$ cat query.csv   # CSV, C-alpha atoms
chain,number,residue,atom,x,y,z
A,1,GLY,CA,1.0,-7.6,4.4
A,2,GLY,CA,0.3,-4.0,3.6
A,3,GLY,CA,-1.7,-3.1,0.5
A,4,ALA,CA,-0.1,-0.9,-2.1
A,5,GLY,CA,-1.2,2.7,-2.5
A,6,GLY,CA,-3.7,3.2,-5.4
A,7,TYR,CA,-2.1,3.4,-8.9
A,8,LEU,CA,-3.5,6.0,-11.3
A,9,SER,CA,-2.2,7.4,-14.6
A,10,TYR,CA,-3.2,9.9,-17.2
A,11,VAL,CA,-1.6,11.2,-20.4
A,12,SER,CA,-1.6,15.0,-20.2
A,13,GLU,CA,-3.3,18.1,-19.0
A,14,LEU,CA,-2.9,21.7,-19.9
A,15,LEU,CA,-2.3,23.9,-16.9
A,16,SER,CA,-2.9,27.6,-16.6
A,17,LYS,CA,0.0,30.1,-16.4
A,18,SER,CA,0.5,32.1,-13.2
A,19,THR,CA,-1.3,29.5,-11.2
A,20,ASN,CA,-0.1,27.5,-8.2
A,21,TYR,CA,-0.9,23.8,-8.2
A,22,SER,CA,-0.6,21.6,-5.2
A,23,VAL,CA,0.6,18.0,-5.5
A,24,THR,CA,0.4,15.8,-2.4
A,25,ILE,CA,2.1,12.4,-2.2
A,26,GLY,CA,0.5,10.6,0.8
A,27,ALA,CA,2.7,9.3,3.6
A,28,GLY,CA,3.0,5.6,4.2
A,29,GLY,CA,1.2,4.1,7.1
A,30,THR,CA,2.8,3.7,10.5
A,31,ALA,CA,3.5,0.5,12.3
A,32,SER,CA,3.3,-0.3,16.0
A,33,THR,CA,6.6,-1.2,17.8
A,34,THR,CA,4.8,-2.9,20.7
A,35,GLY,CA,2.5,-5.4,19.1
A,36,GLY,CA,-0.5,-3.4,17.8
A,37,SER,CA,-1.7,-2.6,14.4
A,38,GLY,CA,-0.3,-0.4,11.6
A,39,THR,CA,-2.4,2.3,10.0
A,40,ASN,CA,-3.6,2.8,6.4
A,41,GLY,CA,-1.5,5.0,4.1
A,42,SER,CA,-2.6,8.5,3.2
A,43,ASN,CA,-4.1,9.6,-0.1
A,44,SER,CA,-2.1,11.2,-2.9
A,45,ILE,CA,-3.9,14.1,-4.7
A,46,PHE,CA,-3.4,16.2,-7.8
A,47,ARG,CA,-6.3,18.4,-8.8
A,48,SER,CA,-9.4,16.1,-9.3
A,49,TYR,CA,-7.3,12.9,-9.1
A,50,THR,CA,-7.0,11.0,-5.8
A,51,SER,CA,-4.9,7.9,-5.4
A,52,THR,CA,-6.1,6.1,-2.3
A,53,GLY,CA,-3.6,5.1,0.4
A,54,GLY,CA,-2.9,1.4,0.9
A,55,GLY,CA,-4.8,-0.7,3.4
A,56,ARG,CA,-3.0,-1.9,6.6
A,57,GLY,CA,-2.4,-5.6,7.1
A,58,ALA,CA,-4.6,-7.2,9.8
A,59,SER,CA,-2.9,-7.8,13.2
A,60,TYR,CA,-3.3,-9.5,16.5
A,61,GLY,CA,-1.1,-8.7,19.5
A,62,PRO,CA,-1.1,-9.8,23.1
A,63,ASN,CA,-3.4,-8.0,25.5
A,64,PRO,CA,-4.1,-5.1,25.7
A,65,TYR,CA,-3.6,-4.8,21.9
A,66,PRO,CA,-6.7,-5.4,19.9
A,67,LEU,CA,-7.4,-7.7,17.0
A,68,LEU,CA,-7.8,-5.3,14.0
A,69,ALA,CA,-9.1,-6.2,10.6
A,70,ALA,CA,-7.2,-5.6,7.4
A,71,GLY,CA,-7.6,-2.2,5.9
A,72,ASN,CA,-9.3,-1.2,2.7
A,73,GLY,CA,-7.4,1.2,0.4
A,74,GLY,CA,-6.0,1.6,-3.0
A,75,SER,CA,-5.1,-2.0,-2.6
A,76,GLY,CA,-6.3,-4.0,0.4
A,77,GLY,CA,-4.1,-5.3,3.2
A,78,GLY,CA,-3.8,-9.0,3.9
A,79,GLY,CA,-5.9,-10.8,6.5
A,80,PHE,CA,-4.5,-12.6,9.6
A,81,TYR,CA,-5.5,-14.8,12.5
A,82,ALA,CA,-9.2,-14.5,13.5
A,83,SER,CA,-9.7,-11.5,11.2
A,84,LEU,CA,-9.0,-13.7,8.1
A,85,ALA,CA,-10.5,-11.7,5.2
A,86,GLY,CA,-8.2,-9.4,3.2
A,87,GLY,CA,-9.0,-5.8,2.7
A,88,THR,CA,-10.8,-4.5,-0.4
A,89,GLY,CA,-9.0,-2.5,-3.1
A,90,THR,CA,-10.3,0.5,-5.0
A,91,ALA,CA,-11.7,-0.2,-8.5
A,92,GLY,CA,-9.3,1.2,-11.1
A,93,GLN,CA,-6.5,1.6,-8.7
A,94,GLY,CA,-5.6,-1.7,-7.1
A,95,ASN,CA,-6.7,-5.1,-5.9
A,96,ASP,CA,-7.9,-7.0,-2.8
A,97,GLY,CA,-5.6,-8.4,-0.1
A,98,GLY,CA,-5.3,-12.1,0.4
A,99,ASP,CA,-7.0,-14.0,3.2
A,100,GLY,CA,-5.2,-15.3,6.3
A,101,ILE,CA,-5.5,-18.8,7.8
A,102,SER,CA,-6.1,-19.9,11.3
A,103,ASN,CA,-6.6,-23.7,11.8
A,104,GLY,CA,-5.1,-24.4,15.2
A,105,THR,CA,-1.7,-25.3,13.7
A,106,ALA,CA,-0.9,-22.4,11.3
A,107,TYR,CA,-1.6,-18.7,11.8
A,108,ASN,CA,-0.4,-17.2,8.6
A,109,ALA,CA,-1.2,-13.9,6.9
A,110,GLY,CA,-2.4,-13.0,3.4
A,111,GLY,CA,-0.4,-10.9,1.1
A,112,GLY,CA,-1.3,-7.2,0.4
A,113,GLY,CA,-2.9,-6.4,-2.9
A,114,GLY,CA,-0.9,-4.8,-5.7
A,115,ALA,CA,-1.8,-2.6,-8.6
A,116,SER,CA,-2.1,-5.4,-11.1
A,117,ALA,CA,-2.9,-8.5,-9.0
A,118,ALA,CA,-4.6,-9.4,-5.7
A,119,GLY,CA,-2.5,-10.6,-2.7
A,120,GLN,CA,-2.2,-14.3,-2.4
A,121,ASP,CA,-4.2,-16.2,0.3
A,122,ALA,CA,-2.2,-17.8,3.1
A,123,THR,CA,-1.8,-21.6,3.2
A,124,SER,CA,-1.2,-24.0,6.0
A,125,THR,CA,2.5,-23.8,5.3
A,126,ALA,CA,3.2,-20.2,4.3
A,127,SER,CA,1.9,-16.7,4.3
A,128,GLY,CA,0.7,-15.2,1.0
A,129,ASN,CA,2.8,-13.2,-1.4
A,130,GLY,CA,2.0,-9.6,-2.2
A,131,GLY,CA,0.3,-8.8,-5.5
A,132,ASN,CA,2.5,-7.5,-8.3
A,133,GLY,CA,2.4,-3.8,-9.3
A,134,SER,CA,1.9,-2.2,-12.7
A,135,THR,CA,4.6,-1.2,-15.2
A,136,TRP,CA,4.5,2.4,-16.4
A,137,VAL,CA,5.7,3.7,-19.8
A,138,ASN,CA,9.2,4.1,-18.4
A,139,SER,CA,9.4,0.3,-18.0
A,140,VAL,CA,9.5,0.7,-14.2
A,141,THR,CA,7.0,-1.3,-12.0
A,142,TYR,CA,5.2,0.5,-9.2
A,143,ALA,CA,2.7,-0.3,-6.4
A,144,GLY,CA,3.5,-3.8,-5.4
A,145,GLY,CA,1.8,-5.3,-2.3
A,146,GLY,CA,3.6,-6.4,0.8
A,147,GLY,CA,4.2,-10.1,1.7
A,148,GLY,CA,2.3,-11.5,4.6
A,149,GLY,CA,4.2,-12.0,7.9
A,150,GLU,CA,4.2,-15.3,9.8
A,151,ASP,CA,3.5,-15.5,13.5
A,152,GLY,CA,7.1,-16.4,14.5
A,153,ALA,CA,6.3,-19.3,16.8
A,154,ARG,CA,5.9,-22.1,14.2
A,155,GLY,CA,8.5,-21.5,11.6
A,156,PHE,CA,6.3,-21.2,8.5
A,157,ALA,CA,7.5,-19.2,5.6
A,158,ALA,CA,6.7,-15.5,5.3
A,159,GLY,CA,5.4,-14.1,2.0
A,160,THR,CA,7.5,-12.2,-0.5
A,161,GLY,CA,6.6,-8.7,-1.7
A,162,GLY,CA,5.0,-8.1,-5.1
A,163,THR,CA,7.1,-6.6,-7.9
A,164,GLY,CA,7.1,-2.8,-7.8
A,165,GLY,CA,8.1,-2.0,-4.2
A,166,GLY,CA,6.4,-4.5,-2.1
A,167,GLY,CA,8.3,-5.5,1.0
A,168,ASN,CA,8.9,-9.0,2.2
A,169,GLY,CA,7.0,-10.3,5.2
A,170,GLY,CA,8.9,-10.9,8.4
A,171,THR,CA,8.4,-12.7,11.7
A,172,THR,CA,5.2,-11.3,13.1
A,173,SER,CA,5.4,-8.4,10.7
A,174,GLY,CA,4.1,-7.8,7.1
A,175,GLY,CA,6.2,-6.0,4.6
A,176,GLY,CA,5.3,-2.5,3.5
A,177,ALA,CA,4.3,-1.6,-0.1
A,178,GLY,CA,5.0,1.3,-2.5
A,179,GLY,CA,2.2,3.3,-4.1
A,180,TYR,CA,2.3,5.5,-7.2
A,181,LEU,CA,0.3,8.2,-8.8
A,182,SER,CA,1.6,8.8,-12.3
A,183,TYR,CA,1.1,10.7,-15.6
A,184,VAL,CA,2.9,10.8,-18.8
A,185,SER,CA,3.4,14.5,-19.6
A,186,GLU,CA,2.1,17.8,-18.6
A,187,LEU,CA,2.7,21.4,-19.8
A,188,LEU,CA,3.8,23.6,-16.9
A,189,SER,CA,3.6,27.4,-16.9
A,190,LYS,CA,6.7,29.5,-16.7
A,191,SER,CA,7.2,31.8,-13.7
A,192,THR,CA,5.0,29.5,-11.6
A,193,ASN,CA,5.8,27.8,-8.3
A,194,TYR,CA,4.7,24.2,-8.0
A,195,SER,CA,4.5,22.6,-4.6
A,196,VAL,CA,5.4,18.9,-4.2
A,197,THR,CA,5.3,17.1,-0.9
A,198,ILE,CA,6.9,13.6,-0.7
A,199,GLY,CA,5.6,11.6,2.3
A,200,ALA,CA,7.9,9.3,4.3
A,201,GLY,CA,7.9,5.6,3.6
A,202,GLY,CA,6.4,3.3,6.1
A,203,THR,CA,8.5,1.0,8.3
A,204,ALA,CA,7.7,-2.5,9.5
A,205,SER,CA,7.5,-3.5,13.2
A,206,THR,CA,10.4,-5.5,14.5
A,207,THR,CA,8.5,-6.8,17.6
A,208,GLY,CA,5.1,-7.8,16.3
A,209,GLY,CA,2.1,-6.3,14.7
A,210,SER,CA,1.3,-5.3,11.2
A,211,GLY,CA,3.5,-4.1,8.4
A,212,THR,CA,3.1,-0.6,7.1
A,213,ASN,CA,1.1,0.4,4.1
A,214,GLY,CA,1.9,1.8,0.7
A,215,SER,CA,2.4,5.6,0.1
$ encode --input "query.csv" --output "structure tokens"
Amino acid sequence: GGGAGGYLSYVSELLSKSTNYSVTIGAGGTASTTGGSGTNGSNSIFRSYTSTGGGRGASYGPNPYPLLAAGNGGSGGGGFYASLAGGTGTAGQGNDGGDGISNGTAYNAGGGGGASAAGQDATSTASGNGGNGSTWVNSVTYAGGGGGGEDGARGFAAGTGGTGGGGNGGTTSGGGAGGYLSYVSELLSKSTNYSVTIGAGGTASTTGGSGTNGS
């Protein structure tokens, strides 16, 4: 499962009048449609604050597609197959992805990490659930990790996404996850243009490979 994008929050900041400020919301990672790996999400940036993009879930596809490890990020992606270890989350932003399992019978994936909890490790009967996100002051939860996908040949259960935007795992595909960079209030200057870029959300592969990562 894909890891959530890093979760950051701050209370307020006084901005200068007649000044342009750039806000970038990182795009979600991309998924292969032919059996390869997804990519890590992009960073979100405002001034000196950087929210790290989510880590991709590990993947293994048929030749010529390589075995790729889970990505590190704001929260780490889940491990899978021979690349069992989950990715590492960024301190203060997220948590690690869960480990996958490969024992000759089960090939299940770990869940992606979320803002408030690590992704669950896979078991011999199911892939791991995504870690839950964090709840902001508006009572909305953000940055949940994606559920781990199952390999599709053995009928084990896929993982469910963490609260706060984590997608459910599918057959041979991990669910994507939502990331969030937040703040409570900010005094903006009049007669000033502010640029905000919203990146596209990731999509999960329908034919194999890794799920996408959080924005």
$ closest_residue --input "query.csv" --among "A:Gly26, A:Gly161, A:Gly54, A:Gly111" --to "A:Gly3" --atoms "all atoms listed in the file"
A:Gly54
$ closest_residue --input "query.csv" --among "A:Ser18, A:Asn138, A:Ala106, A:Gly2" --to "A:Gly162" --atoms "only C-alpha atoms"
A:Gly2
$ atom_distance --input "query.csv" --atom1 "atom CA of A:Tyr107" --atom2 "atom CA of A:Leu84"
9.7 Å
$ atom_distance --input "query.csv" --atom1 "atom CA of A:Leu68" --atom2 "atom CA of A:Ala157"
22.3 Å
$ atom_distance --input "query.csv" --atom1 "atom CA of A:Gly170" --atom2 "atom CA of A:Gly89"
22.9 Å
